[in-house]
$ cat target12.csv   # CSV, C-alpha atoms
chain,number,residue,atom,x,y,z
A,118,GLU,CA,0.0,0.0,0.0
A,119,SER,CA,2.8,2.5,0.9
A,120,LEU,CA,4.8,1.7,-2.2
A,121,GLN,CA,1.7,2.1,-4.5
A,122,LYS,CA,0.9,5.4,-2.9
A,123,LEU,CA,4.5,6.7,-3.2
A,124,HIS,CA,4.6,5.7,-6.8
A,125,ARG,CA,1.3,7.3,-7.7
A,126,SER,CA,2.1,10.5,-5.8
A,127,ARG,CA,5.6,11.3,-7.1
A,128,HIS,CA,4.2,14.5,-8.5
A,129,LEU,CA,2.0,16.8,-6.5
A,130,GLU,CA,-1.2,18.4,-7.8
A,131,THR,CA,0.7,21.7,-8.1
A,132,GLY,CA,3.1,20.1,-10.5
A,133,GLU,CA,5.9,20.0,-8.0
A,134,VAL,CA,8.0,16.9,-7.8
A,135,LEU,CA,7.6,15.2,-4.4
A,136,ILE,CA,9.7,12.0,-5.2
A,137,ASP,CA,12.3,12.4,-7.8
A,138,ARG,CA,13.8,8.9,-7.5
A,139,LEU,CA,12.2,5.8,-6.1
A,140,GLU,CA,13.8,2.4,-5.8
A,141,VAL,CA,12.9,-0.8,-3.9
A,142,VAL,CA,15.0,-3.1,-1.7
A,143,THR,CA,13.4,-6.5,-0.9
A,144,LEU,CA,14.3,-10.1,-0.4
A,145,SER,CA,15.6,-12.1,-3.3
A,146,ALA,CA,13.1,-13.4,-5.8
A,147,GLY,CA,13.5,-17.0,-4.5
A,148,TYR,CA,12.3,-16.3,-1.0
A,149,PRO,CA,9.4,-15.9,-1.2
A,150,SER,CA,8.9,-15.8,-4.9
A,151,LYS,CA,5.7,-13.8,-4.9
A,152,LEU,CA,6.4,-10.8,-2.6
A,153,PRO,CA,3.7,-8.2,-3.4
A,154,VAL,CA,6.2,-5.4,-3.1
A,155,ARG,CA,8.5,-7.0,-5.5
A,156,LYS,CA,5.7,-7.9,-8.0
A,157,TYR,CA,4.4,-4.3,-7.9
A,158,ALA,CA,7.8,-2.8,-8.4
A,159,SER,CA,8.5,-5.1,-11.3
A,160,GLN,CA,5.2,-4.3,-13.0
A,161,SER,CA,5.8,-0.5,-12.5
A,162,ASP,CA,9.4,-0.5,-13.8
A,163,ILE,CA,10.7,0.5,-10.4
A,164,PRO,CA,14.4,-0.5,-9.9
A,165,ILE,CA,14.7,-3.5,-7.5
A,166,HIS,CA,17.7,-4.4,-5.3
A,167,ASP,CA,18.1,-7.7,-3.5
A,168,TRP,CA,18.8,-7.4,0.3
A,169,PRO,CA,21.5,-7.0,1.5
A,170,ASP,CA,23.1,-5.9,-1.8
A,171,LEU,CA,22.0,-2.3,-2.0
A,172,GLY,CA,24.5,-0.9,-4.5
A,173,GLN,CA,25.0,2.8,-4.4
A,174,CYS,CA,22.4,4.5,-2.2
A,175,ASN,CA,24.2,7.8,-1.4
A,176,ASP,CA,22.0,9.9,-3.7
A,177,PHE,CA,18.8,9.5,-1.7
A,178,ASP,CA,17.4,11.9,0.9
A,179,VAL,CA,15.4,9.4,3.0
A,180,GLY,CA,14.8,5.7,3.2
A,181,VAL,CA,11.4,4.0,4.1
A,182,VAL,CA,10.9,0.6,5.7
A,183,VAL,CA,7.6,-1.2,5.9
A,184,SER,CA,7.4,-4.7,7.5
A,185,PHE,CA,11.0,-5.4,6.5
A,186,GLY,CA,12.1,-7.6,9.5
A,187,SER,CA,15.9,-7.0,9.3
A,188,LEU,CA,18.0,-4.8,11.5
A,189,LEU,CA,19.7,-2.0,9.7
A,190,SER,CA,23.3,-0.9,10.5
A,191,GLU,CA,24.2,2.6,11.6
A,192,GLU,CA,26.4,3.0,8.6
A,193,LEU,CA,23.5,2.4,6.3
A,194,ILE,CA,21.1,4.7,8.1
A,195,LEU,CA,23.7,7.5,8.0
A,196,ARG,CA,23.9,7.4,4.2
A,197,PHE,CA,20.5,9.1,4.2
A,198,PRO,CA,20.5,12.8,5.3
A,199,TYR,CA,17.0,12.4,6.9
A,200,GLY,CA,17.6,8.8,8.0
A,201,ILE,CA,15.3,5.9,7.4
A,202,LEU,CA,11.6,6.0,8.3
A,203,ASN,CA,9.5,3.1,9.4
A,204,VAL,CA,5.7,2.8,9.0
A,205,HIS,CA,4.6,0.7,12.0
A,206,PRO,CA,0.9,-0.3,12.6
A,207,SER,CA,0.6,0.4,16.3
A,208,LEU,CA,0.8,3.2,18.7
A,209,LEU,CA,4.4,2.8,19.8
A,210,PRO,CA,5.7,2.0,22.3
A,211,ARG,CA,2.8,-0.4,22.5
A,212,TRP,CA,3.3,-3.6,20.4
A,213,ARG,CA,6.9,-3.2,19.3
A,214,GLY,CA,7.9,-6.2,17.1
A,215,PRO,CA,6.9,-8.1,14.0
A,216,ALA,CA,3.2,-8.8,14.7
A,217,PRO,CA,1.5,-5.7,16.2
A,218,VAL,CA,-1.8,-6.1,14.3
A,219,PHE,CA,-2.3,-9.7,15.4
A,220,HIS,CA,-1.6,-8.8,19.1
A,221,THR,CA,-3.9,-5.8,18.9
A,222,VAL,CA,-6.8,-8.1,18.0
A,223,LEU,CA,-5.7,-10.9,20.3
A,224,HIS,CA,-5.6,-8.7,23.4
A,225,GLY,CA,-8.9,-7.0,22.6
A,226,ASP,CA,-7.4,-3.4,22.2
A,227,GLN,CA,-10.2,-0.9,21.4
A,228,VAL,CA,-7.7,1.7,20.2
A,229,THR,CA,-4.7,1.4,17.9
A,230,GLY,CA,-3.1,3.5,15.2
A,231,VAL,CA,0.0,4.0,13.0
A,232,THR,CA,3.4,5.4,13.9
A,233,ILE,CA,5.9,6.9,11.5
A,234,MET,CA,9.3,6.7,13.3
A,235,GLN,CA,13.0,7.0,12.6
A,236,ILE,CA,14.9,3.8,12.5
A,237,ARG,CA,17.7,3.3,15.1
A,238,PRO,CA,20.4,0.6,14.6
A,239,LYS,CA,20.6,-2.7,16.5
A,240,ARG,CA,17.0,-2.5,17.9
A,241,PHE,CA,13.5,-2.7,16.4
A,242,ASP,CA,10.8,0.0,16.9
A,243,VAL,CA,12.5,2.2,19.4
A,244,GLY,CA,13.3,5.3,17.4
A,245,PRO,CA,11.8,8.8,17.7
A,246,ILE,CA,8.2,9.3,16.6
A,247,VAL,CA,7.9,11.5,13.6
A,248,MET,CA,4.1,11.2,13.2
A,249,GLN,CA,1.4,9.2,15.0
A,250,LYS,CA,-2.3,8.8,14.4
A,251,GLU,CA,-4.8,7.1,16.7
A,252,CYS,CA,-7.9,5.2,15.4
A,253,ALA,CA,-10.6,2.9,16.8
A,254,VAL,CA,-10.4,-0.8,16.3
A,255,PRO,CA,-13.7,-1.9,14.5
A,256,THR,CA,-15.8,-4.2,16.6
A,257,ARG,CA,-14.9,-7.9,16.1
A,258,CYS,CA,-12.6,-7.2,13.1
A,259,THR,CA,-10.1,-9.8,12.0
A,260,ALA,CA,-6.3,-9.1,11.9
A,261,ASN,CA,-6.5,-9.1,8.1
A,262,GLU,CA,-9.3,-6.5,8.1
A,263,LEU,CA,-7.4,-4.3,10.6
A,264,GLY,CA,-4.2,-4.7,8.7
A,265,VAL,CA,-5.7,-3.4,5.5
A,266,MET,CA,-7.2,-0.4,7.4
A,267,LEU,CA,-3.9,0.5,9.0
A,268,ALA,CA,-1.9,0.0,5.8
A,269,GLU,CA,-4.1,2.6,4.1
A,270,ALA,CA,-3.8,5.0,7.0
A,271,GLY,CA,0.0,4.5,7.1
A,272,ALA,CA,0.4,5.2,3.4
A,273,ASP,CA,-1.4,8.5,3.8
A,274,MET,CA,0.6,9.4,6.8
A,275,LEU,CA,3.9,8.6,5.0
A,276,LEU,CA,3.0,10.9,2.2
A,277,ALA,CA,2.0,13.7,4.7
A,278,THR,CA,5.4,13.2,6.4
A,279,LEU,CA,7.4,13.4,3.1
A,280,LYS,CA,5.6,16.6,2.1
A,281,LYS,CA,6.9,18.3,5.3
A,282,LEU,CA,9.9,16.1,6.0
A,283,PRO,CA,12.4,18.6,7.5
A,284,GLU,CA,9.7,20.0,9.8
A,285,CYS,CA,8.5,16.5,10.8
A,286,ILE,CA,12.1,15.4,11.6
A,287,GLU,CA,12.8,18.5,13.6
A,288,ASN,CA,9.6,18.1,15.7
A,289,SER,CA,10.1,14.3,16.3
A,290,ARG,CA,9.9,13.1,19.9
A,291,GLU,CA,11.4,10.2,21.8
A,292,GLN,CA,9.1,7.3,22.6
A,293,SER,CA,7.7,7.0,26.2
A,294,LYS,CA,9.6,4.7,28.5
A,295,LYS,CA,6.2,3.5,29.9
A,296,GLY,CA,3.7,1.2,28.3
A,297,ALA,CA,6.0,-0.7,26.0
A,298,THR,CA,4.8,-4.1,25.0
A,299,PHE,CA,6.2,-6.7,22.6
A,300,ALA,CA,4.4,-8.4,19.7
A,301,PRO,CA,6.2,-11.6,18.8
A,302,LYS,CA,5.5,-13.6,15.6
A,303,ILE,CA,2.4,-15.8,15.4
A,304,ASN,CA,3.3,-19.5,15.7
A,305,ILE,CA,1.6,-22.8,15.8
A,306,ALA,CA,2.0,-23.1,19.6
A,307,MET,CA,-0.5,-20.2,20.0
A,308,SER,CA,-3.2,-22.1,18.1
A,309,TRP,CA,-3.7,-25.0,20.5
A,310,VAL,CA,-6.9,-24.4,22.4
A,311,ASN,CA,-7.0,-24.8,26.2
A,312,TRP,CA,-10.7,-25.6,26.8
A,313,GLU,CA,-10.3,-25.4,30.6
A,314,GLU,CA,-8.6,-22.0,30.7
A,315,GLN,CA,-9.8,-20.0,27.7
A,316,THR,CA,-13.1,-18.2,27.7
A,317,SER,CA,-15.4,-17.9,24.7
A,318,GLU,CA,-14.4,-14.2,24.4
A,319,GLU,CA,-10.7,-15.2,24.4
A,320,LEU,CA,-11.2,-17.9,21.8
A,321,ASP,CA,-13.1,-15.5,19.6
A,322,ARG,CA,-10.2,-13.0,19.8
A,323,LEU,CA,-7.7,-15.7,19.2
A,324,ASN,CA,-9.6,-16.9,16.1
A,325,ARG,CA,-9.9,-13.4,14.7
A,326,ALA,CA,-6.2,-12.7,15.3
A,327,ILE,CA,-4.5,-15.8,13.9
A,328,SER,CA,-6.8,-18.0,11.9
A,329,CYS,CA,-5.9,-16.2,8.7
A,330,ARG,CA,-2.4,-17.6,9.2
A,331,VAL,CA,-2.8,-20.6,11.6
A,332,PRO,CA,-6.1,-22.4,12.3
A,333,LEU,CA,-7.1,-23.2,15.9
A,334,ARG,CA,-6.1,-26.7,16.9
A,335,THR,CA,-7.2,-29.3,19.4
A,336,LEU,CA,-6.8,-33.1,20.0
A,337,TRP,CA,-9.5,-35.8,19.6
A,338,MET,CA,-8.6,-39.4,20.5
A,339,GLY,CA,-4.9,-38.5,20.1
A,340,ASN,CA,-5.4,-36.9,16.6
A,341,THR,CA,-4.8,-33.3,15.7
A,342,VAL,CA,-8.0,-31.6,14.7
A,343,LYS,CA,-8.0,-28.1,13.0
A,344,LEU,CA,-11.1,-26.0,13.9
A,345,LEU,CA,-12.4,-23.8,11.0
A,346,ASP,CA,-15.2,-21.4,10.5
A,347,PHE,CA,-15.6,-20.2,14.1
A,348,VAL,CA,-19.2,-19.3,15.1
A,349,ASP,CA,-20.0,-16.7,17.8
A,350,LEU,CA,-23.1,-18.2,19.4
A,351,ARG,CA,-24.1,-14.7,20.5
A,352,ASP,CA,-25.1,-14.0,16.9
A,353,LEU,CA,-27.3,-17.1,16.7
A,354,PRO,CA,-30.5,-18.2,18.4
A,355,LEU,CA,-30.2,-19.9,21.8
A,356,PHE,CA,-29.4,-23.5,22.0
A,357,PRO,CA,-31.8,-25.0,24.5
A,358,ALA,CA,-30.3,-28.5,24.3
A,359,VAL,CA,-26.8,-27.3,25.5
A,360,THR,CA,-25.9,-28.3,29.1
A,361,GLN,CA,-24.0,-25.5,30.8
A,362,GLN,CA,-22.5,-27.8,33.4
A,363,SER,CA,-20.6,-29.9,30.8
A,364,ILE,CA,-16.9,-30.5,31.3
A,365,PRO,CA,-14.6,-28.2,29.2
A,366,GLY,CA,-13.8,-29.9,25.9
A,367,THR,CA,-17.2,-31.6,25.7
A,368,ILE,CA,-18.6,-31.8,22.1
A,369,GLN,CA,-22.2,-31.5,21.0
A,370,PHE,CA,-23.6,-31.5,17.5
A,371,HIS,CA,-26.4,-29.1,16.8
A,372,LYS,CA,-28.2,-30.6,13.9
A,373,GLU,CA,-30.5,-27.7,13.1
A,374,SER,CA,-27.6,-25.3,12.4
A,375,ASN,CA,-25.0,-27.9,11.4
A,376,ILE,CA,-22.6,-26.5,14.0
A,377,LEU,CA,-20.2,-28.4,16.2
A,378,LEU,CA,-20.5,-27.0,19.8
A,379,VAL,CA,-17.5,-27.2,22.2
A,380,ARG,CA,-17.6,-26.3,25.9
A,381,CYS,CA,-14.8,-23.9,27.0
A,382,LYS,CA,-14.1,-22.3,30.4
A,383,ASP,CA,-17.3,-20.2,30.6
A,384,ASP,CA,-19.5,-21.0,27.7
A,385,TRP,CA,-19.9,-22.8,24.3
A,386,VAL,CA,-18.2,-21.9,21.0
A,387,GLY,CA,-19.1,-23.3,17.6
A,388,PHE,CA,-17.3,-24.5,14.4
A,389,ARG,CA,-18.9,-25.3,11.1
A,390,LEU,CA,-15.8,-27.1,9.7
A,391,VAL,CA,-13.0,-29.3,11.0
A,392,VAL,CA,-10.0,-30.9,9.5
A,393,LEU,CA,-9.2,-34.5,10.5
A,394,LYS,CA,-7.2,-36.0,7.7
A,395,LYS,CA,-9.5,-34.0,5.4
A,396,LYS,CA,-11.9,-31.1,5.6
A,397,LEU,CA,-15.2,-32.1,7.1
A,398,SER,CA,-18.5,-30.3,7.9
A,399,ALA,CA,-19.7,-30.5,11.4
A,400,ALA,CA,-22.3,-33.0,10.2
A,401,ASP,CA,-19.7,-35.1,8.4
A,402,PHE,CA,-17.5,-35.2,11.6
A,403,TYR,CA,-20.5,-36.2,13.7
A,404,ASN,CA,-21.8,-38.9,11.4
A,405,GLY,CA,-18.4,-40.2,10.4
A,406,TYR,CA,-16.7,-40.3,13.8
A,407,LEU,CA,-18.8,-39.3,16.9
A,408,HIS,CA,-22.0,-41.3,16.0
A,409,ARG,CA,-20.0,-44.4,15.0
A,410,TYR,CA,-17.9,-44.3,18.1
A,411,PHE,CA,-21.0,-43.7,20.2
A,412,GLN,CA,-22.5,-46.9,18.8
A,413,GLU,CA,-19.4,-49.0,19.1
A,414,ARG,CA,-17.8,-47.7,22.3
A,415,THR,CA,-20.5,-46.1,24.5
A,416,ASN,CA,-18.3,-46.4,27.6
A,417,ASP,CA,-15.5,-44.3,26.3
A,418,HIS,CA,-16.4,-40.7,27.4
A,419,ASN,CA,-13.3,-39.3,25.7
A,420,VAL,CA,-15.1,-39.7,22.3
A,421,TRP,CA,-17.3,-36.8,23.2
A,422,ARG,CA,-14.5,-34.5,24.3
A,423,PHE,CA,-11.7,-32.6,22.7
A,424,GLN,CA,-8.5,-32.9,24.7
A,425,MET,CA,-5.8,-30.3,25.4
A,426,HIS,CA,-2.4,-30.4,23.8
A,427,LYS,CA,0.4,-30.7,26.3
A,428,PRO,CA,3.7,-30.1,24.6
A,429,GLU,CA,5.7,-30.8,27.8
A,430,GLN,CA,4.3,-34.3,27.9
A,431,SER,CA,5.0,-34.8,24.2
A,432,LEU,CA,8.6,-33.8,24.7
A,433,ALA,CA,9.0,-36.1,27.7
A,434,LYS,CA,7.6,-39.0,25.8
A,435,ARG,CA,9.8,-38.3,22.8
A,436,ALA,CA,12.9,-38.1,25.1
A,437,LYS,CA,11.9,-41.4,26.8
A,438,ARG,CA,11.5,-43.1,23.4
A,439,ASN,CA,14.9,-41.9,22.3
A,440,TRP,CA,16.5,-43.1,25.6
A,441,VAL,CA,14.9,-46.5,25.2
A,442,ALA,CA,16.0,-46.8,21.6
A,443,THR,CA,19.6,-45.8,22.6
A,444,HIS,CA,19.8,-48.4,25.3
A,445,ARG,CA,18.4,-51.4,23.4
$ encode --input "target12.csv" --output "structure tokens"
Amino acid sequence: ESLQKLHRSRHLETGEVLIDRLEVVTLSAGYPSKLPVRKYASQSDIPIHDWPDLGQCNDFDVGVVVSFGSLLSEELILRFPYGILNVHPSLLPRWRGPAPVFHTVLHGDQVTGVTIMQIRPKRFDVGPIVMQKECAVPTRCTANELGVMLAEAGADMLLATLKKLPECIENSREQSKKGATFAPKINIAMSWVNWEEQTSEELDRLNRAISCRVPLRTLWMGNTVKLLDFVDLRDLPLFPAVTQQSIPGTIQFHKESNILLVRCKDDWVGFRLVVLKKKLSAADFYNGYLHRYFQERTNDHNVWRFQMHKPEQSLAKRAKRNWVATHR
């Protein structure tokens, strides 16, 4: 979004030149092969450099970094008279790090924003704030939806900064030493549901935050099950057949709405699709697994429950297996 806006706004409406020279530095074509920034630059005939081979960059006034993910050296930063700016989708110092949008949604923040800051060497997201704009987080938005909104706002703010660059740099301010939080990358470990500890509200936020990258996961009869198409039961009619006293992890199939209901810490959540070897609707999962097990093994109560993933046990079992194999 920022690159597109910079490219389209190289000349102001007054006819003045805002950006005389624009070039792009990105990862090599092989990793990953379809970077949107690289694709757009290639289609728009913008010169492309493969990181870290920058060539000669002493003729530029300012650098701009957006979701780059690599620390920049002081020597490189000093090549630019106005330094290097970073467009960061949070109200720094809150949510420093590589995944601020995901953590904004995950933690239920009601307010977020965009920060234009100057890059400092050796550390991420700690430089002086050049411009900052606050905005409300839309109700129950996903990380993808929020990311698009902040990218558009950030691109507009970047242009506004470049139009008054000397003034903005002169009026920049250091970040507050209070309220700093870190936003680490999203990983698979975050996707495992703890039915006993997580509330329906927390699971709703977790799903909206990470499911675009990593689906929620649980265990059923020792098998990994991916949980898709999360349903907020607050948006649907009441389910009179649901028992509130059920043990966390308990599964019920609601035939009328074709939703798989699962008891969490404080309430029920629903899913329309699961993945167990292949993608299944709630009805397919019930008919193919739960109903069959119920008929064949009525005494096994675990059939009607999702279990919690316990990585420490898995590691212990793996270590034990390795020890046994070594001593045979």
$ closest_residue --input "target12.csv" --among "A:Val420, A:Val154, A:Val204, A:Leu390" --to "Ala272 (chain A)" --atoms "all atoms listed in the file"
A:Val204
$ residues_around --input "target12.csv" --residues "region 169-181 of chain A" --least-positions-apart "6" --cutoff "12 Å" --atoms "all atoms listed in the file" --output "short mmCIF file (atom, residue, chain, number, x, y, z; two decimals) with C-alpha atoms, in the coordinates of the input"
data_model
loop_
_atom_site.label_atom_id
_atom_site.label_comp_id
_atom_site.auth_asym_id
_atom_site.auth_seq_id
_atom_site.Cartn_x
_atom_site.Cartn_y
_atom_site.Cartn_z
CA SER A 119 2.80 2.50 0.90
CA LEU A 120 4.80 1.70 -2.20
CA LEU A 123 4.50 6.70 -3.20
CA LEU A 135 7.60 15.20 -4.40
CA ILE A 136 9.70 12.00 -5.20
CA ASP A 137 12.30 12.40 -7.80
CA ARG A 138 13.80 8.90 -7.50
CA LEU A 139 12.20 5.80 -6.10
CA GLU A 140 13.80 2.40 -5.80
CA VAL A 141 12.90 -0.80 -3.90
CA VAL A 142 15.00 -3.10 -1.70
CA THR A 143 13.40 -6.50 -0.90
CA LEU A 144 14.30 -10.10 -0.40
CA SER A 145 15.60 -12.10 -3.30
CA SER A 187 15.90 -7.00 9.30
CA LEU A 188 18.00 -4.80 11.50
CA LEU A 189 19.70 -2.00 9.70
CA SER A 190 23.30 -0.90 10.50
CA GLU A 192 26.40 3.00 8.60
CA LEU A 193 23.50 2.40 6.30
CA ILE A 194 21.10 4.70 8.10
CA LEU A 195 23.70 7.50 8.00
CA ARG A 196 23.90 7.40 4.20
CA PHE A 197 20.50 9.10 4.20
CA PRO A 198 20.50 12.80 5.30
CA TYR A 199 17.00 12.40 6.90
CA GLY A 200 17.60 8.80 8.00
CA ILE A 201 15.30 5.90 7.40
CA LEU A 202 11.60 6.00 8.30
CA ASN A 203 9.50 3.10 9.40
CA VAL A 204 5.70 2.80 9.00
CA HIS A 205 4.60 0.70 12.00
CA ILE A 233 5.90 6.90 11.50
CA MET A 234 9.30 6.70 13.30
CA GLN A 235 13.00 7.00 12.60
CA ILE A 236 14.90 3.80 12.50
CA GLY A 271 0.00 4.50 7.10
CA ALA A 272 0.40 5.20 3.40
CA LEU A 275 3.90 8.60 5.00
CA LEU A 276 3.00 10.90 2.20
CA THR A 278 5.40 13.20 6.40
CA LEU A 279 7.40 13.40 3.10
CA LEU A 282 9.90 16.10 6.00
CA PRO A 283 12.40 18.60 7.50
CA ILE A 286 12.10 15.40 11.60
#
$ atom_distance --input "target12.csv" --atom1 "CA of Val254 (chain A)" --atom2 "CA of Ala268 (chain A)"
13.5 Å
$ residues_around --input "target12.csv" --residues "Met307 (chain A)" --least-positions-apart "6" --cutoff "9 Å" --atoms "only C-alpha atoms" --output "ChimeraX atom specification"
/A:323,327,331,333
$ write_last_selection --input "target12.csv" --atoms "C-alpha atoms" --output "PDB file, in the frame of the given file"
ATOM      1  CA  LEU A 323      -7.700 -15.700  19.200  1.00  0.00           C
ATOM      2  CA  ILE A 327      -4.500 -15.800  13.900  1.00  0.00           C
ATOM      3  CA  VAL A 331      -2.800 -20.600  11.600  1.00  0.00           C
ATOM      4  CA  LEU A 333      -7.100 -23.200  15.900  1.00  0.00           C
TER       5      LEU A 333
END
$ closest_atom_pairs --input "target12.csv" --of "region 236-258 of chain A" --to "region 224-228 of chain A" --cutoff "9 Å" --atoms "all atoms listed in the file" --output "CSV"
residue,atom,partner,partner_atom,distance
A:Glu251,CA,A:Val228,CA,7.1
A:Cys252,CA,A:Val228,CA,5.9
A:Ala253,CA,A:Val228,CA,4.6
A:Val254,CA,A:Gln227,CA,5.1
A:Pro255,CA,A:Gln227,CA,7.8
A:Thr256,CA,A:Gln227,CA,8.1
A:Arg257,CA,A:Gly225,CA,8.9
$ closest_residue --input "target12.csv" --among "A:Ile246, A:Val183, A:Ala260, A:Ala399" --to "Val218 (chain A)" --atoms "all atoms listed in the file"
A:Ala260
$ residues_around --input "target12.csv" --residues "Trp309 (chain A)" --least-positions-apart "2" --cutoff "8 Å" --atoms "all atoms listed in the file" --output "list in words"
Ile305, Ala306, Met307, Asn311, Leu333, Arg334, Thr335, Met425 and His426 of chain A
$ atom_distance --input "target12.csv" --atom1 "CA of Leu377 (chain A)" --atom2 "CA of Arg351 (chain A)"
14.9 Å
$ atom_distance --input "target12.csv" --atom1 "CA of Arg389 (chain A)" --atom2 "CA of Pro217 (chain A)"
28.7 Å
$ closest_residue --input "target12.csv" --among "A:Trp337, A:Phe241, A:Tyr157, A:Trp385" --to "Pro365 (chain A)" --atoms "only C-alpha atoms"
A:Trp385
$ residues_around --input "target12.csv" --residues "Phe299 (chain A)" --least-positions-apart "2" --cutoff "9 Å" --atoms "all atoms listed in the file" --output "list in words"
Pro210, Arg211, Trp212, Arg213, Gly214, Pro215, Ala216, Pro217, His220, Ala297 and Pro301 of chain A
$ write_last_selection --input "target12.csv" --atoms "C-alpha atoms" --output "compact mmCIF listing (two decimals), in the frame of the given file"
# COMPACT_ATOMS: atom_id res chain seq x y z
CA PRO A 210 5.70 2.00 22.30
CA ARG A 211 2.80 -0.40 22.50
CA TRP A 212 3.30 -3.60 20.40
CA ARG A 213 6.90 -3.20 19.30
CA GLY A 214 7.90 -6.20 17.10
CA PRO A 215 6.90 -8.10 14.00
CA ALA A 216 3.20 -8.80 14.70
CA PRO A 217 1.50 -5.70 16.20
CA HIS A 220 -1.60 -8.80 19.10
CA ALA A 297 6.00 -0.70 26.00
CA PRO A 301 6.20 -11.60 18.80
$ closest_residue --input "target12.csv" --among "A:Val392, A:Phe370, A:Leu336, A:Gly387" --to "His408 (chain A)" --atoms "only C-alpha atoms"
A:Phe370
$ closest_residue --input "target12.csv" --among "A:Thr131, A:Ser317, A:Gln249, A:Asn304" --to "Val386 (chain A)" --atoms "all atoms listed in the file"
A:Ser317
